[in-house]
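Enquirer: My structure file work-v1.cif, mmCIF, C-alpha atoms, is below:
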data_work
#
loop_
_atom_site.label_atom_id
_atom_site.label_comp_id
_atom_site.auth_asym_id
_atom_site.auth_seq_id
_atom_site.Cartn_x
_atom_site.Cartn_y
_atom_site.Cartn_z
CA MET A 1 3.16 30.69 3.18
CA VAL A 2 2.59 28.65 6.28
CA ASP A 3 4.54 30.17 9.16
CA ILE A 4 6.82 27.66 10.83
CA VAL A 5 6.34 29.01 14.37
CA GLU A 6 2.58 29.31 13.98
CA LEU A 7 2.32 25.73 12.77
CA CYS A 8 4.87 23.98 14.98
CA GLY A 9 5.58 26.28 17.91
CA SER A 10 8.89 27.95 18.65
CA GLU A 11 10.65 24.91 20.13
CA TRP A 12 10.12 22.77 17.05
CA ALA A 13 10.91 25.71 14.77
CA ASP A 14 14.23 26.19 16.59
CA TRP A 15 14.97 22.46 16.35
CA TYR A 16 14.23 22.38 12.61
CA ARG A 17 16.54 25.33 12.03
CA LEU A 18 19.55 23.54 13.52
CA THR A 19 22.04 21.76 11.30
CA PRO A 20 22.37 17.98 11.67
CA ALA A 21 25.62 18.44 13.60
CA GLU A 22 23.96 20.91 15.95
CA ARG A 23 21.06 18.53 16.54
CA TRP A 24 23.52 15.76 17.26
CA LYS A 25 25.29 17.95 19.80
CA GLU A 26 22.01 18.91 21.49
CA SER A 27 20.98 15.29 21.61
CA ALA A 28 24.33 14.29 23.14
CA GLN A 29 23.90 16.94 25.85
CA LEU A 30 20.46 15.58 26.63
CA TRP A 31 22.02 12.15 26.96
CA GLN A 32 24.59 13.44 29.45
CA VAL A 33 21.82 14.87 31.61
CA TYR A 34 19.76 11.71 31.30
CA LEU A 35 22.65 9.45 32.28
CA SER A 36 23.81 11.75 35.08
CA LEU A 37 20.32 11.49 36.57
CA GLY A 38 20.63 7.71 36.61
CA GLY A 39 18.86 7.02 33.33
CA THR A 40 19.41 3.62 31.84
CA LEU A 41 20.23 2.55 28.30
CA ASP A 42 17.79 -0.32 28.60
CA PRO A 43 14.68 0.19 26.52
CA GLU A 44 11.14 0.71 27.64
CA PRO A 45 9.05 -2.32 26.73
CA ASP A 46 8.04 -1.69 23.15
CA THR A 47 4.87 -3.76 23.01
CA GLN A 48 4.08 -2.65 19.47
CA SER A 49 7.38 -3.85 18.08
CA PRO A 50 7.17 -7.09 16.12
CA PHE A 51 10.34 -8.15 17.96
CA PHE A 52 8.79 -7.69 21.38
CA ASP A 53 8.40 -10.69 23.63
CA ALA A 54 7.37 -9.94 27.21
CA GLU A 55 9.17 -12.90 28.71
CA GLU A 56 12.36 -12.18 26.82
CA TRP A 57 12.19 -8.50 27.71
CA ARG A 58 11.83 -9.29 31.42
CA ALA A 59 14.71 -11.73 31.27
CA VAL A 60 17.06 -9.34 29.51
CA PHE A 61 16.11 -5.94 30.83
CA ALA A 62 13.85 -6.10 33.86
CA ASP A 63 16.61 -5.56 36.42
CA GLY A 64 18.99 -3.76 34.13
CA ARG A 65 21.30 -6.71 33.71
CA ALA A 66 21.37 -9.37 31.07
CA LYS A 67 20.32 -12.79 32.32
CA LEU A 68 20.08 -14.57 29.03
CA ARG A 69 23.13 -16.45 27.98
CA SER A 70 24.72 -15.37 24.72
CA VAL A 71 22.91 -16.90 21.81
CA ARG A 72 26.02 -16.63 19.71
CA ARG A 73 29.24 -14.70 19.93
CA SER A 74 30.44 -15.30 16.43
CA GLY A 75 29.62 -17.54 13.56
CA VAL A 76 29.12 -15.31 10.60
CA MET B 1 18.72 4.11 10.27
CA GLY B 2 16.68 4.52 13.47
CA GLY B 3 16.19 7.16 16.11
CA GLN B 4 19.68 8.59 15.68
CA SER B 5 18.99 9.21 11.99
CA CYS B 6 15.72 10.88 12.90
CA VAL B 7 17.56 13.31 15.16
CA LEU B 8 19.98 14.22 12.37
CA TYR B 9 17.15 14.78 9.91
CA GLY B 10 15.12 16.96 12.28
CA GLY B 11 12.77 14.51 13.92
CA ALA B 12 13.26 13.95 17.62
CA GLU B 13 13.45 10.56 19.20
CA PHE B 14 14.98 9.70 22.52
CA SER B 15 16.35 6.49 21.14
CA ARG B 16 18.35 4.30 23.48
CA ASP B 17 19.88 2.13 20.83
CA THR B 18 21.71 2.39 17.53
CA ASP B 19 20.05 0.75 14.55
CA LEU B 20 22.30 -0.28 11.70
CA ALA B 21 21.31 -1.35 8.20
CA VAL B 22 24.04 -3.58 6.81
CA LEU B 23 24.95 -5.33 3.59
CA PRO B 24 24.51 -8.99 4.50
CA ASP B 25 27.35 -10.47 2.53
CA PRO B 26 29.77 -12.75 4.35
CA GLU B 27 32.74 -10.45 4.06
CA ASN B 28 30.85 -7.46 5.42
CA LEU B 29 29.28 -9.48 8.21
CA ALA B 30 32.74 -10.66 9.22
CA ARG B 31 33.79 -7.00 9.44
CA LEU B 32 30.71 -6.26 11.51
CA GLN B 33 31.49 -9.17 13.82
CA SER B 34 34.96 -7.78 14.30
CA ALA B 35 33.54 -4.36 15.23
CA LEU B 36 31.05 -5.98 17.60
CA ASP B 37 33.87 -7.98 19.19
CA ASP B 38 35.76 -4.75 19.68
CA LEU B 39 32.73 -3.38 21.55
CA GLU B 40 32.47 -6.64 23.49
CA ALA B 41 28.92 -6.88 22.19
CA GLU B 42 26.86 -9.94 22.88
CA CYS B 43 23.75 -11.05 21.13
CA ILE B 44 21.00 -10.70 23.73
CA ALA B 45 17.94 -12.23 22.13
CA VAL B 46 16.80 -14.30 19.22
CA PRO B 47 17.69 -14.59 16.41
CA PRO B 48 21.39 -15.42 16.58
CA PHE B 49 23.73 -13.40 14.40
CA GLU B 50 23.55 -15.35 11.17
CA LYS B 51 23.19 -14.21 7.60
CA ARG B 52 20.08 -16.28 6.96
CA PHE B 53 18.14 -14.42 9.66
CA LEU B 54 19.24 -11.05 8.34
CA ASP B 55 18.22 -12.15 4.84
CA MET B 56 14.76 -12.99 6.21
CA GLY B 57 14.35 -9.44 7.49
CA LEU B 58 14.82 -10.13 11.18
CA ALA B 59 16.81 -7.82 13.43
CA VAL B 60 19.69 -9.08 15.53
CA HIS B 61 20.06 -7.41 18.93
CA PHE B 62 23.31 -6.76 20.75
CA ARG B 63 24.41 -5.14 23.97
CA CYS B 64 27.93 -3.78 24.46
CA ARG B 65 30.02 -4.62 27.48
CA ARG B 66 33.15 -2.55 26.80
CA ALA B 67 33.56 0.04 29.55
CA ASP B 68 33.21 3.11 27.34
CA ALA B 69 30.06 1.75 25.68
CA LEU B 70 28.69 -0.24 28.59
CA GLY B 71 25.04 -1.14 28.12
CA MET B 72 24.79 0.45 24.69
CA ARG B 73 22.49 -1.54 22.45
CA VAL B 74 22.95 -2.10 18.75
CA ASP B 75 20.29 -3.56 16.48
CA VAL B 76 21.27 -4.81 13.04
CA MET B 77 18.99 -5.34 10.05
CA ALA B 78 19.62 -5.98 6.38
CA LYS B 79 16.12 -5.83 4.96
CA MET B 80 13.19 -3.58 5.85
CA ARG B 81 9.62 -3.57 4.64
CA GLY B 82 8.80 -1.00 2.01
CA VAL B 83 12.32 -0.09 0.99
CA GLU B 84 14.65 -1.37 -1.68
CA PRO B 85 17.53 -3.80 -1.09
CA PHE B 86 20.63 -2.57 0.65
CA ALA B 87 22.60 -1.78 -2.52
CA ALA B 88 20.01 0.79 -3.63
CA LEU B 89 19.80 2.25 -0.13
CA TRP B 90 23.57 2.60 -0.05
CA ASP B 91 23.64 4.38 -3.42
CA ARG B 92 21.13 6.92 -2.11
CA ARG B 93 22.57 7.34 1.38
CA THR B 94 23.19 10.66 3.07
CA THR B 95 26.60 11.26 4.58
CA VAL B 96 26.94 13.75 7.40
CA ASP B 97 30.06 14.96 9.12
CA LEU B 98 29.96 14.83 12.90
CA ASP B 99 33.08 16.29 14.43
CA GLY B 100 35.21 14.97 11.60
CA GLU B 101 33.55 11.56 11.61
CA SER B 102 31.58 10.56 8.51
CA VAL B 103 28.25 8.96 9.28
CA ASP B 104 26.17 7.31 6.57
CA LEU B 105 22.39 7.46 6.97
CA LEU B 106 19.47 6.08 5.06
CA SER B 107 18.34 8.79 2.68
CA LEU B 108 15.42 10.76 4.08
CA PRO B 109 12.88 9.27 1.63
CA ASP B 110 14.08 5.76 2.51
CA LEU B 111 14.00 6.48 6.23
CA VAL B 112 10.44 7.75 5.95
CA LYS B 113 9.39 4.61 4.07
CA ALA B 114 11.12 2.36 6.60
CA LYS B 115 9.36 4.14 9.46
CA LYS B 116 5.89 3.24 8.22
CA THR B 117 5.47 0.48 10.74
CA GLN B 118 2.77 -0.69 13.12
CA ARG B 119 4.21 1.36 16.01
CA ASP B 120 2.66 4.60 17.27
CA LYS B 121 6.07 6.12 17.99
CA ASP B 122 7.08 5.91 14.34
CA TRP B 123 3.92 7.70 13.21
CA LEU B 124 4.69 10.52 15.64
CA VAL B 125 8.10 11.16 14.12
CA LEU B 126 7.10 10.77 10.44
CA PRO B 127 5.39 14.17 10.02
CA ARG B 128 8.33 15.87 11.76
CA LEU B 129 10.88 14.36 9.38
CA VAL B 130 9.07 15.65 6.32
CA GLU B 131 8.22 19.02 7.86
CA ALA B 132 11.90 19.58 8.65
CA SER B 133 12.82 18.92 5.04
CA TYR B 134 9.99 21.12 3.75
CA PHE B 135 10.73 24.12 5.94
CA GLU B 136 14.45 23.89 5.25
CA ASN B 137 14.09 23.62 1.50
CA ARG B 138 10.76 25.01 0.34
CA ASP B 139 12.53 28.08 -1.02
CA ALA B 140 14.91 25.86 -2.97
CA PRO B 141 12.66 23.13 -4.38
CA THR B 142 14.17 20.52 -6.67
CA PRO B 143 12.19 17.85 -8.56
CA PRO B 144 13.21 15.06 -6.14
CA ARG B 145 12.33 17.18 -3.12
CA VAL B 146 8.95 18.20 -4.52
CA ASP B 147 8.17 14.61 -5.36
CA PHE B 148 9.15 13.55 -1.83
CA TRP B 149 7.04 16.27 -0.16
CA LEU B 150 3.97 15.52 -2.25
CA ARG B 151 4.25 11.81 -1.53
CA GLU B 152 5.15 12.01 2.15
CA LEU B 153 3.97 15.23 3.82
CA ARG B 154 1.57 14.37 6.64
CA THR B 155 0.75 17.89 7.82
CA PRO B 156 -2.52 19.09 6.25
CA GLU B 157 -1.57 22.77 6.20
CA LEU B 158 1.68 22.00 4.39
CA LEU B 159 0.01 19.60 2.00
CA VAL B 160 -2.37 22.37 0.97
CA GLU B 161 0.51 24.78 0.48
CA ALA B 162 2.63 22.27 -1.46
CA ALA B 163 -0.29 21.23 -3.66
CA ALA B 164 -0.82 24.87 -4.63
CA SER B 165 2.86 25.66 -5.09
CA PHE B 166 3.65 22.61 -7.20
CA ALA B 167 0.46 22.10 -9.20
CA ARG B 168 2.04 20.35 -12.18
CA GLU B 169 3.89 17.84 -10.04
CA ARG B 170 0.78 17.35 -7.89
CA THR B 171 -1.23 16.22 -10.90
CA ARG B 172 1.37 13.55 -11.63
CA VAL B 173 1.72 12.31 -8.03
CA GLU B 174 -2.03 12.38 -7.39
CA ARG B 175 -2.38 9.08 -9.23
CA ASP B 176 -0.39 7.44 -6.45
CA ARG B 177 -1.69 9.60 -3.62
CA PRO B 178 -5.33 10.56 -4.18
CA LEU B 179 -5.55 12.74 -1.08
CA LEU B 180 -3.59 15.38 -3.00
CA ALA B 181 -6.88 16.22 -4.72
CA LEU B 182 -8.22 17.21 -1.30
CA ALA B 183 -5.09 19.24 -0.68
CA GLU B 184 -5.57 21.10 -3.93
CA ALA B 185 -9.10 21.96 -2.78
CA GLY B 186 -7.83 22.99 0.67
CA ARG B 187 -10.13 20.54 2.50
CA GLU B 188 -8.02 20.05 5.63
CA ASP B 189 -10.52 17.99 7.66
CA GLU B 190 -10.88 15.54 4.82
CA ILE B 191 -7.12 15.46 4.40
CA ARG B 192 -6.78 14.47 8.08
CA ARG B 193 -9.21 11.61 7.57
CA ALA B 194 -7.41 10.49 4.42
CA LEU B 195 -4.07 10.61 6.24
CA ARG B 196 -5.49 8.38 8.98
CA ASP B 197 -6.67 5.95 6.30
CA GLU B 198 -3.20 5.94 4.74
CA GLU B 199 -1.68 5.25 8.15
CA ASP B 200 -4.13 2.43 8.88
CA ARG B 201 -3.31 0.76 5.57
CA GLU B 202 0.42 0.94 6.21
CA ARG B 203 0.08 -0.37 9.77
CA ASP B 204 -1.99 -3.25 8.51
CA ALA B 205 0.50 -4.01 5.73
CA ASP B 206 3.27 -4.00 8.32
CA ARG B 207 1.37 -6.44 10.54
CA GLN B 208 0.84 -8.76 7.58
CA TYR B 209 4.51 -8.51 6.59
CA TRP B 210 5.58 -9.45 10.11
CA LYS B 211 3.21 -12.38 10.58
CA PRO B 212 5.56 -15.05 9.19
CA LEU B 213 8.60 -13.34 10.71
CA ARG B 214 6.98 -13.28 14.14
CA ALA B 215 6.23 -16.97 13.73
CA GLU B 216 9.91 -17.55 12.99
CA LEU B 217 10.89 -15.62 16.12
CA GLU B 218 8.47 -17.70 18.18
CA ARG B 219 9.98 -20.84 16.73
CA LEU B 220 13.48 -19.67 17.65
CA ARG B 221 12.41 -18.77 21.19
CA ALA B 222 10.74 -22.13 21.66
CA ALA B 223 13.84 -23.92 20.36
CA ARG B 224 16.03 -21.95 22.74
CA HIS B 225 13.84 -22.79 25.74
CA ALA B 226 13.80 -26.44 24.76
CA ARG B 227 17.59 -26.63 24.62
CA PRO B 228 19.22 -27.96 27.79
CA PRO B 229 21.41 -25.33 29.48
CA ALA B 230 25.09 -25.54 28.67
CA SER B 231 27.07 -27.26 31.41
#
Produce C-alpha cells that represent the structure in this file.
Expert:
Amino acid sequence: MVDIVELCGSEWADWYRLTPAERWKESAQLWQVYLSLGGTLDPEPDTQSPFFDAEEWRAVFADGRAKLRSVRRSGV
Amino acid sequence: MGGQSCVLYGGAEFSRDTDLAVLPDPENLARLQSALDDLEAECIAVPPFEKRFLDMGLAVHFRCRRADALGMRVDVMAKMRGVEPFAALWDRRTTVDLDGESVDLLSLPDLVKAKKTQRDKDWLVLPRLVEASYFENRDAPTPPRVDFWLRELRTPELLVEAAASFARERTRVERDRPLLALAEAGREDEIRRALRDEEDRERDADRQYWKPLRAELERLRAARHARPPAS
C-alpha cells in the first residue's frame, strides 16, 4: 500500500487526517492571522478566470474599495 | 461549492470568497436576495443579479457591507460546466455540521467535476481532493467510492494501487478512462503524460464552453460603459 506520508509528506498527511470540522477550524484560525496582519478580502487578479476583466478588477479592487456603482440591488 | 468546500473535503485553498450554487427559481432567488440584503451585499460587477444570467451559467458577484461581514465576497452560480442541473446536485449533496450549523456542499464527485476548469489553481487542488477521499476510505471501499477513485484519481502512484486493488471495476471504467490500462501495467511515466492530456482536453473544453459566455459578459460591460451615469 502506498504510504500517505511517503507520498504526500507529513503536513498533507496530517491535513488529510483531520475531520471536516477540524479543517474548518484550522482554516478559520489561518484567517484570523491573515486578517490580523492586515490581509485583505479582496481577491488577487485571477487572469485565468473567464469572469476576469482587468479594467473591472482595477475599478473594483485596486485600492481595496469599490468604485463601481451598484449594478442592481434587487430585481429578482 | 468553491474553495470553502475544498477545505472541508481535504483540499486546501486560501479562498477569499464564498461560492454558492443556487436553485434559480424565482422564489428561491427572492430568498437569496433577502439574505444578501441582510448582509448589505451589493452586486459589484456584471452581470446584474437576474435569473436569466444565472440560467446562462454566469456568476453574479457580491460584496458585503455589513460590519460583521465587511468586504466579504459572495459569488452565486446556478449552472456549471460538466455537472448536472441543480436538482441533481442537491439530491447528492453532502451535509456537514460545523459547530451546530448545517452546511450543504456539492458532493465530492460533483465538486471535482466542477473544478475541471481552465485555471491552474483548480488543477492544483483536484488531486488533493481525490487523495483525501482515497486515503480516508481505501480500507472501506464502496462501489460508488471505487468508481469515483478510478475515474478521478490524478496521482499516478494511487492510480496504480487502485487499478490493482479493484481490477474488476477497473475493466469497466477503463472504457471511459483509457489511462487505467497504463495504471494496471504500473507505467507511471506514461500515466503522467496521459493525465496531462486529460487535463489539456478539459481546459480546452472549458475555454470553448466559456467563449459565448465571455462574449455575453463583454456585451454587458460595454452596455454599462455606454450608459450615462445616474444623476
Enquirer: Considering only C-alpha atoms, give me a table of residues in chain B that are at most 8 Å from chain A, with the closest atom pair and distance in Å for each, as CSV.
Expert:
residue,atom,partner,partner_atom,distance
B:Val7,CA,A:Arg23,CA,6.4
B:Leu8,CA,A:Pro20,CA,4.5
B:Tyr9,CA,A:Pro20,CA,6.4
B:Gly10,CA,A:Tyr16,CA,5.5
B:Arg16,CA,A:Leu41,CA,5.5
B:Asp17,CA,A:Leu41,CA,7.5
B:Pro26,CA,A:Val76,CA,6.8
B:Leu29,CA,A:Val76,CA,6.3
B:Ala30,CA,A:Val76,CA,6.1
B:Gln33,CA,A:Ser74,CA,6.7
B:Glu42,CA,A:Arg73,CA,6.1
B:Cys43,CA,A:Ser70,CA,5.7
B:Ile44,CA,A:Ser70,CA,6.1
B:Ala45,CA,A:Val71,CA,6.8
B:Val46,CA,A:Val71,CA,7.1
B:Pro47,CA,A:Val71,CA,7.9
B:Pro48,CA,A:Val71,CA,5.6
B:Phe49,CA,A:Arg72,CA,6.6
B:Glu50,CA,A:Val76,CA,5.6
B:Lys51,CA,A:Val76,CA,6.7
B:Ala59,CA,A:Phe51,CA,7.9
B:Gly71,CA,A:Leu41,CA,6.1
B:Met72,CA,A:Leu41,CA,6.2
B:Arg73,CA,A:Leu41,CA,7.5
B:Val96,CA,A:Pro20,CA,7.6
B:Asp97,CA,A:Ala21,CA,7.2
B:Leu98,CA,A:Ala21,CA,5.7
B:Asp99,CA,A:Ala21,CA,7.8
B:Gln118,CA,A:Gln48,CA,6.8
B:Arg119,CA,A:Gln48,CA,5.3
B:Asp120,CA,A:Gln48,CA,7.7
B:Ala132,CA,A:Tyr16,CA,5.4
B:Phe135,CA,A:Ile4,CA,7.2
B:Glu136,CA,A:Arg17,CA,7.2
B:Glu157,CA,A:Val2,CA,7.2
B:Leu158,CA,A:Val2,CA,7.0
B:Glu161,CA,A:Met1,CA,7.0
B:Trp210,CA,A:Pro50,CA,6.6
B:Arg214,CA,A:Pro50,CA,6.5
B:Leu217,CA,A:Phe51,CA,7.7
Enquirer: Residues as selected, C-alpha atoms, written as a CSV table (one decimal), in the coordinates of the input, can you do that?
Expert:
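The resulting file, selection.csv, is reproduced below:
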chain,number,residue,atom,x,y,z
B,7,VAL,CA,17.6,13.3,15.2
B,8,LEU,CA,20.0,14.2,12.4
B,9,TYR,CA,17.2,14.8,9.9
B,10,GLY,CA,15.1,17.0,12.3
B,16,ARG,CA,18.4,4.3,23.5
B,17,ASP,CA,19.9,2.1,20.8
B,26,PRO,CA,29.8,-12.8,4.4
B,29,LEU,CA,29.3,-9.5,8.2
B,30,ALA,CA,32.7,-10.7,9.2
B,33,GLN,CA,31.5,-9.2,13.8
B,42,GLU,CA,26.9,-9.9,22.9
B,43,CYS,CA,23.8,-11.0,21.1
B,44,ILE,CA,21.0,-10.7,23.7
B,45,ALA,CA,17.9,-12.2,22.1
B,46,VAL,CA,16.8,-14.3,19.2
B,47,PRO,CA,17.7,-14.6,16.4
B,48,PRO,CA,21.4,-15.4,16.6
B,49,PHE,CA,23.7,-13.4,14.4
B,50,GLU,CA,23.6,-15.4,11.2
B,51,LYS,CA,23.2,-14.2,7.6
B,59,ALA,CA,16.8,-7.8,13.4
B,71,GLY,CA,25.0,-1.1,28.1
B,72,MET,CA,24.8,0.4,24.7
B,73,ARG,CA,22.5,-1.5,22.4
B,96,VAL,CA,26.9,13.8,7.4
B,97,ASP,CA,30.1,15.0,9.1
B,98,LEU,CA,30.0,14.8,12.9
B,99,ASP,CA,33.1,16.3,14.4
B,118,GLN,CA,2.8,-0.7,13.1
B,119,ARG,CA,4.2,1.4,16.0
B,120,ASP,CA,2.7,4.6,17.3
B,132,ALA,CA,11.9,19.6,8.6
B,135,PHE,CA,10.7,24.1,5.9
B,136,GLU,CA,14.4,23.9,5.2
B,157,GLU,CA,-1.6,22.8,6.2
B,158,LEU,CA,1.7,22.0,4.4
B,161,GLU,CA,0.5,24.8,0.5
B,210,TRP,CA,5.6,-9.4,10.1
B,214,ARG,CA,7.0,-13.3,14.1
B,217,LEU,CA,10.9,-15.6,16.1
Enquirer: Measure the distance from atom CA of B:Glu184 to atom CA of B:Pro156 in Å and round it to one decimal.
Expert: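 For atom CA of B:Glu184 relative to atom CA of B:Pro156, the distance reads 10.8 Å.
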Enquirer: Kindly indicate which residue among B:Ala164, B:Ala12, B:Ala223, B:Leu20 lies nearest to B:Asp104, using all atoms listed in the file for the distances.
Expert: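 Ranking B:Ala164, B:Ala12, B:Ala223, B:Leu20 by distance to B:Asp104, first place goes to B:Leu20.
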Enquirer: What gap, in Å, lies between atom CA of B:Asp147 and atom CA of B:Arg170?
Expert: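 Result for atom CA of B:Asp147 versus atom CA of B:Arg170: 8.3 Å, one decimal.
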Enquirer: One number please: atom CA of B:Ala21 to atom CA of B:Trp123, in Å, one decimal.
Expert: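 About the pair atom CA of B:Ala21 and atom CA of B:Trp123: they are 20.2 Å apart.
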Enquirer: Within 6 Å of (19.8, 10.0, 21.1) in the file's own coordinates, which protein, DNA or RNA residues have an atom, counting only C-alpha atoms? List them as an MDAnalysis selection string.
Expert: (chainID A and resid 27) or (chainID B and resid 4 14:15)
Enquirer: So, counting all atoms listed in the file, which residue among B:Lys121, B:Leu195, B:Thr142, B:Lys116 is closest to B:Arg207?
Expert: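 Of all the options, B:Lys116 lies closest to B:Arg207.
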